Structure formats: structure tokens, C-alpha cells
$ cat query.cif   # mmCIF, C-alpha atoms and all ligand atoms
data_my_file
#
loop_
_atom_site.group_PDB
_atom_site.id
_atom_site.type_symbol
_atom_site.label_atom_id
_atom_site.label_comp_id
_atom_site.auth_asym_id
_atom_site.auth_seq_id
_atom_site.Cartn_x
_atom_site.Cartn_y
_atom_site.Cartn_z
ATOM 1 C CA MET A 1 1.304 -27.037 23.519
ATOM 2 C CA PHE A 2 -0.111 -23.529 23.751
ATOM 3 C CA HIS A 3 -2.806 -22.302 21.407
ATOM 4 C CA THR A 4 -1.395 -19.079 20.041
ATOM 5 C CA GLN A 5 -4.036 -18.194 17.474
ATOM 6 C CA SER A 6 -7.247 -16.625 18.675
ATOM 7 C CA ASP A 7 -9.679 -17.070 15.814
ATOM 8 C CA VAL A 8 -13.337 -17.152 16.777
ATOM 9 C CA VAL A 9 -16.542 -18.329 15.133
ATOM 10 C CA PHE A 10 -19.398 -16.512 16.864
ATOM 11 C CA ILE A 11 -23.169 -16.490 17.041
ATOM 12 C CA LYS A 12 -25.039 -13.558 18.577
ATOM 13 C CA GLY A 13 -28.656 -13.469 19.686
ATOM 14 C CA LEU A 14 -29.705 -16.988 18.748
ATOM 15 C CA LYS A 15 -33.384 -17.167 19.756
ATOM 16 C CA VAL A 16 -34.740 -20.438 21.122
ATOM 17 C CA GLU A 17 -38.144 -21.195 22.675
ATOM 18 C CA ALA A 18 -37.680 -23.817 25.384
ATOM 19 C CA VAL A 19 -38.944 -25.118 28.704
ATOM 20 C CA ILE A 20 -36.679 -23.442 31.295
ATOM 21 C CA GLY A 21 -37.139 -22.477 34.912
ATOM 22 C CA VAL A 22 -37.356 -23.610 38.496
ATOM 23 C CA TYR A 23 -40.981 -22.804 39.229
ATOM 24 C CA GLU A 24 -43.959 -25.084 38.644
ATOM 25 C CA TRP A 25 -45.630 -22.634 36.242
ATOM 26 C CA GLU A 26 -42.450 -22.412 34.167
ATOM 27 C CA ARG A 27 -42.448 -26.168 33.566
ATOM 28 C CA ALA A 28 -45.785 -25.870 31.696
ATOM 29 C CA ILE A 29 -44.751 -23.191 29.177
ATOM 30 C CA THR A 30 -41.903 -22.308 26.855
ATOM 31 C CA GLN A 31 -39.928 -19.073 27.262
ATOM 32 C CA PRO A 32 -37.538 -17.283 24.915
ATOM 33 C CA LEU A 33 -33.811 -17.681 25.402
ATOM 34 C CA LEU A 34 -31.208 -15.443 23.763
ATOM 35 C CA ILE A 35 -27.880 -17.155 23.277
ATOM 36 C CA ASP A 36 -24.447 -15.800 22.369
ATOM 37 C CA ILE A 37 -21.646 -18.227 21.551
ATOM 38 C CA ALA A 38 -17.942 -17.704 20.814
ATOM 39 C CA LEU A 39 -16.030 -20.795 19.710
ATOM 40 C CA GLU A 40 -12.256 -20.437 19.544
ATOM 41 C CA THR A 41 -11.062 -22.435 16.560
ATOM 42 C CA ASP A 42 -8.333 -22.354 13.964
ATOM 43 C CA ILE A 43 -9.905 -20.866 10.820
ATOM 44 C CA ARG A 44 -6.768 -20.950 8.667
ATOM 45 C CA ARG A 45 -7.700 -24.039 6.635
ATOM 46 C CA ALA A 46 -11.158 -22.624 5.765
ATOM 47 C CA ALA A 47 -9.651 -19.221 5.039
ATOM 48 C CA LYS A 48 -7.320 -20.838 2.503
ATOM 49 C CA SER A 49 -9.727 -23.328 0.883
ATOM 50 C CA ASP A 50 -12.926 -21.224 0.901
ATOM 51 C CA ASP A 51 -14.745 -24.530 1.552
ATOM 52 C CA VAL A 52 -17.420 -24.764 4.268
ATOM 53 C CA THR A 53 -16.428 -28.368 5.021
ATOM 54 C CA ASP A 54 -13.157 -26.964 6.361
ATOM 55 C CA ALA A 55 -15.002 -24.491 8.590
ATOM 56 C CA LEU A 56 -16.635 -24.776 12.002
ATOM 57 C CA ASN A 57 -20.122 -24.444 10.537
ATOM 58 C CA TYR A 58 -22.162 -21.893 12.531
ATOM 59 C CA LYS A 59 -25.411 -23.087 10.890
ATOM 60 C CA ALA A 60 -24.813 -26.567 12.316
ATOM 61 C CA VAL A 61 -24.021 -25.048 15.733
ATOM 62 C CA CYS A 62 -27.276 -23.014 15.701
ATOM 63 C CA ASP A 63 -29.302 -26.115 14.788
ATOM 64 C CA ASP A 64 -27.631 -28.250 17.474
ATOM 65 C CA VAL A 65 -27.895 -25.663 20.250
ATOM 66 C CA SER A 66 -31.588 -25.041 19.500
ATOM 67 C CA GLU A 67 -32.303 -28.779 19.602
ATOM 68 C CA TRP A 68 -30.284 -29.324 22.819
ATOM 69 C CA CYS A 69 -32.028 -26.426 24.633
ATOM 70 C CA GLN A 70 -35.424 -27.863 23.786
ATOM 71 C CA ALA A 71 -34.441 -31.411 24.766
ATOM 72 C CA ILE A 72 -32.691 -30.615 28.064
ATOM 73 C CA LYS A 73 -35.644 -28.710 29.640
ATOM 74 C CA ALA A 74 -33.310 -27.422 32.368
ATOM 75 C CA LYS A 75 -34.473 -25.785 35.555
ATOM 76 C CA LEU A 76 -31.395 -23.553 35.974
ATOM 77 C CA LEU A 77 -29.645 -21.570 33.258
ATOM 78 C CA GLU A 78 -26.391 -22.709 34.877
ATOM 79 C CA HIS A 79 -27.217 -26.354 34.140
ATOM 80 C CA LEU A 80 -28.250 -25.600 30.567
ATOM 81 C CA ALA A 81 -25.118 -23.544 29.868
ATOM 82 C CA GLY A 82 -22.826 -26.219 31.308
ATOM 83 C CA GLN A 83 -24.441 -28.990 29.288
ATOM 84 C CA ILE A 84 -24.305 -27.037 26.042
ATOM 85 C CA ALA A 85 -20.682 -25.967 26.524
ATOM 86 C CA ASP A 86 -19.670 -29.601 27.139
ATOM 87 C CA LYS A 87 -21.537 -30.786 24.038
ATOM 88 C CA LEU A 88 -20.021 -28.061 21.834
ATOM 89 C CA LEU A 89 -16.480 -28.898 22.952
ATOM 90 C CA THR A 90 -17.131 -32.606 22.344
ATOM 91 C CA LYS A 91 -18.664 -32.229 18.899
ATOM 92 C CA TYR A 92 -16.836 -29.282 17.331
ATOM 93 C CA ALA A 93 -13.181 -28.460 16.674
ATOM 94 C CA SER A 94 -12.931 -25.797 19.338
ATOM 95 C CA HIS A 95 -10.601 -25.610 22.336
ATOM 96 C CA LYS A 96 -12.520 -22.884 24.187
ATOM 97 C CA VAL A 97 -16.137 -21.836 24.244
ATOM 98 C CA THR A 98 -17.748 -18.788 25.822
ATOM 99 C CA LEU A 99 -21.505 -18.995 26.063
ATOM 100 C CA SER A 100 -24.126 -16.655 27.469
ATOM 101 C CA ILE A 101 -27.775 -17.517 27.876
ATOM 102 C CA ALA A 102 -30.287 -14.789 28.712
ATOM 103 C CA LYS A 103 -33.942 -14.990 29.716
ATOM 104 C CA PRO A 104 -35.338 -11.708 28.395
ATOM 105 C CA THR A 105 -38.836 -12.143 29.847
ATOM 106 C CA ALA A 106 -38.002 -13.598 33.288
ATOM 107 C CA ILE A 107 -37.796 -10.394 35.327
ATOM 108 C CA GLN A 108 -40.211 -7.616 34.438
ATOM 109 C CA GLN A 109 -37.942 -4.855 35.739
ATOM 110 C CA ALA A 110 -34.869 -6.091 33.810
ATOM 111 C CA ASP A 111 -34.080 -6.212 30.093
ATOM 112 C CA ALA A 112 -32.635 -9.672 30.587
ATOM 113 C CA VAL A 113 -31.079 -11.947 33.198
ATOM 114 C CA GLY A 114 -28.766 -14.858 32.577
ATOM 115 C CA VAL A 115 -25.416 -16.545 32.866
ATOM 116 C CA GLN A 116 -22.149 -16.472 30.958
ATOM 117 C CA ILE A 117 -19.566 -19.257 31.149
ATOM 118 C CA THR A 118 -16.222 -20.084 29.562
ATOM 119 C CA ARG A 119 -15.082 -23.687 29.245
ATOM 120 C CA HIS A 120 -11.926 -25.262 27.805
ATOM 121 C CA ALA A 121 -11.547 -28.603 26.073
ATOM 122 C CA ALA A 122 -9.671 -31.203 28.108
ATOM 123 C CA ALA A 123 -5.997 -31.403 27.164
ATOM 124 C CA SER A 124 -5.424 -34.274 24.753
ATOM 125 C CA SER A 125 -3.805 -37.329 26.367
ATOM 126 C CA ASP A 126 -0.664 -37.252 24.170
ATOM 127 C CA GLU A 127 0.199 -33.761 25.367
ATOM 128 C CA PRO A 128 1.386 -33.440 28.979
ATOM 129 C CA ALA A 129 -0.386 -30.779 31.004
ATOM 130 C CA VAL A 130 1.692 -27.611 31.191
ATOM 131 C CA ASN A 131 2.118 -25.667 34.391
ATOM 132 C CA HIS A 132 1.975 -22.096 33.092
ATOM 133 C CA ALA A 133 3.575 -20.779 36.280
ATOM 134 C CA ASP A 134 6.744 -22.695 35.354
ATOM 135 C CA ASN A 135 6.983 -21.217 31.847
ATOM 136 C CA HIS A 136 8.288 -17.720 32.360
ATOM 137 C CA GLN A 137 10.399 -17.963 29.167
ATOM 138 C CA SER A 138 7.390 -18.602 26.940
ATOM 139 C CA ASN A 139 6.795 -16.128 24.124
ATOM 140 C CA ASP A 140 3.102 -17.009 24.061
ATOM 141 C CA VAL A 141 0.749 -14.331 25.283
HETATM 142 N N1 LIG B 1 -28.830 -17.929 38.962
HETATM 143 C C1 LIG B 1 -30.117 -18.232 38.616
HETATM 144 N N2 LIG B 1 -31.128 -17.673 39.299
HETATM 145 C C2 LIG B 1 -32.387 -17.976 38.949
HETATM 146 C C3 LIG B 1 -32.680 -18.836 37.892
HETATM 147 C C4 LIG B 1 -31.583 -19.412 37.189
HETATM 148 O O1 LIG B 1 -31.740 -20.198 36.228
HETATM 149 N N3 LIG B 1 -30.329 -19.086 37.580
HETATM 150 N N4 LIG B 1 -33.977 -19.094 37.556
HETATM 151 C C5 LIG B 1 -34.985 -18.528 38.183
HETATM 152 C C6 LIG B 1 -36.371 -18.727 37.759
HETATM 153 O O2 LIG B 1 -36.539 -19.785 36.871
HETATM 154 C C7 LIG B 1 -36.801 -17.364 37.162
HETATM 155 O O3 LIG B 1 -36.260 -17.201 35.849
HETATM 156 C C8 LIG B 1 -38.275 -17.159 37.162
HETATM 157 O O4 LIG B 1 -38.576 -15.793 37.026
HETATM 158 C C9 LIG B 1 -34.788 -17.645 39.359
HETATM 159 N N5 LIG B 1 -33.398 -17.397 39.649
#

$ encode --input "query.cif" --output "C-alpha cells"
Amino acid sequence: MFHTQSDVVFIKGLKVEAVIGVYEWERAITQPLLIDIALETDIRRAAKSDDVTDALNYKAVCDDVSEWCQAIKAKLLEHLAGQIADKLLTKYASHKVTLSIAKPTAIQQADAVGVQITRHAAASSDEPAVNHADNHQSNDV
């Protein structure tokens, strides 16, 4: 089954102080991280009900991501981003997450450095995997 809607719940510039970095001196301090998140999700139920319990709650996502960053104490931004994307897809009703994590104070000559990743939820077991190359007749874009 294709996902044809492209609704997104997003968070921009979430600031988290966490232990992050590969060098010895970085393991003894916290540094700021700036995090952007886009969670693809179907917002139609929340749009109709106007009830936050029907929504993918961005406050809950901010709280979780802050806590996970501080707990993981990753060396590489790649590791941190991968772990957080996996946790978001497991916990929240989203089939695709795009996540960027920047270290604004890591490189003096740069405004920020970081990584951006996109991850998809595993296809559910009751839906056979679809080979998109074999679906030329599909109206989905
Ligand atoms: N691709 C990456 N390169 C680097 C990372 C990283 O997480 N991913 N980290 C560092 C250091 O921790 C750096 O931030 C210290 O200034 C270097 N390169």
C-alpha cells in the first residue's frame, strides 16, 4: 500500500545540551545541539476532531528527543541521528522521518556542522513489499 498523503508534523531548531563528540575533551562537557525534525503522518483525524489525543504531539516529541540525546551521549552525530530516527519511528505514528542535527559551536569557522538523515518505518508484515519498478500503472506520485 502506498502512502499518498504527505502531511508533516515538524519541529525546527530544538535546542538540547548534551554530551556529544569524539574527542576526550568533548566527553567532559556538554555542547548545544540544534535539531530539526519532520515526521510524515496522517493528520486528518486530528484535523477533524480538533483533539490533541488524535495528533502526533510535537511537545511529546520534543521532550523525548531531548531526553534521548542526553542519555545516548553519542560520539558521532551519525550514531545519535540513527538512534533517534529509529526511536521516533517505533514510538510515533509516522512512516517517514527526516532529522537533522547540527553542532553550532563545533567548528569556529562555520555557522554549524551536522548530519541530516531520512528513515522509513519497516513495512508492516501483513502488507507484502511492493517493487515500485513493477508498478508503472500506479497513479501514486
Ligand atoms: N561526520 C562527522 N564528523 C565529525 C564528527 C561527527 O560527529 N560526524 N565529530 C567530530 C568531533 O566531535 C568535532 O565535532 C569536534 O570539533 C569531528 N568530525

$ resolve_selection --input "query.cif" --expression "the PyMOL selection byres (((chain A and resi 100) around 7) and not hetatm)" --output "MDAnalysis selection string"
chainID A and resid 35:37 98:99 101:102 115:117

$ resolve_selection --input "query.cif" --expression "the PyMOL selection byres (((not hetatm)) within 8 of (chain B and resi 1))" --output "ChimeraX atom specification"
/A:20-23,26,75-79,103,106-107,113-115

$ atom_distance --input "query.cif" --atom1 "CA of Asp63 (chain A)" --atom2 "CA of Ala123 (chain A)"
26.9 Å

$ residues_around --input "query.cif" --residues "Glu17 (chain A)" --least-positions-apart "3" --cutoff "9 Å" --atoms "all atoms listed in the file" --output "ChimeraX atom specification"
/A:30-33,66,69-70

$ resolve_selection --input "query.cif" --expression "the PyMOL selection byres (((chain A and resi 95) around 9) and not hetatm)" --output "list in words"
His3, Leu39, Glu40, Thr41, Leu89, Tyr92, Ala93, Ser94, Lys96, Val97, Arg119, His120, Ala121, Ala122 and Ala123 of chain A

$ atom_distance --input "query.cif" --atom1 "CA of Ile29 (chain A)" --atom2 "CA of Lys87 (chain A)"
25.0 Å

$ atom_distance --input "query.cif" --atom1 "CA of Cys62 (chain A)" --atom2 "CA of Thr105 (chain A)"
21.3 Å

$ closest_residue --input "query.cif" --among "A:Lys91, A:Lys15, A:Lys73, A:Lys59" --to "Leu34 (chain A)" --atoms "only C-alpha atoms"
A:Lys15

$ decode --input "query.cif" --residues "region 4-22 of chain A" --atoms "C-alpha atoms" --output "compact mmCIF listing (two decimals), in the first residue's frame"
# COMPACT_ATOMS: atom_id res chain seq x y z
CA THR A 4 -0.38 9.05 -0.82
CA GLN A 5 -0.85 11.81 1.73
CA SER A 6 2.15 13.90 2.68
CA ASP A 7 1.17 15.59 5.92
CA VAL A 8 4.04 16.56 8.18
CA VAL A 9 4.41 17.46 11.85
CA PHE A 10 7.65 19.41 12.18
CA ILE A 11 9.96 20.82 14.81
CA LYS A 12 12.61 23.40 13.92
CA GLY A 13 15.59 24.44 16.00
CA LEU A 14 15.04 22.27 19.06
CA LYS A 15 17.94 23.16 21.37
CA VAL A 16 19.46 20.42 23.52
CA GLU A 17 22.58 20.50 25.71
CA ALA A 18 24.22 17.07 25.60
CA VAL A 19 27.49 15.18 25.77
CA ILE A 20 28.49 14.69 22.11
CA GLY A 21 31.79 14.26 20.35
CA VAL A 22 34.70 12.00 19.56
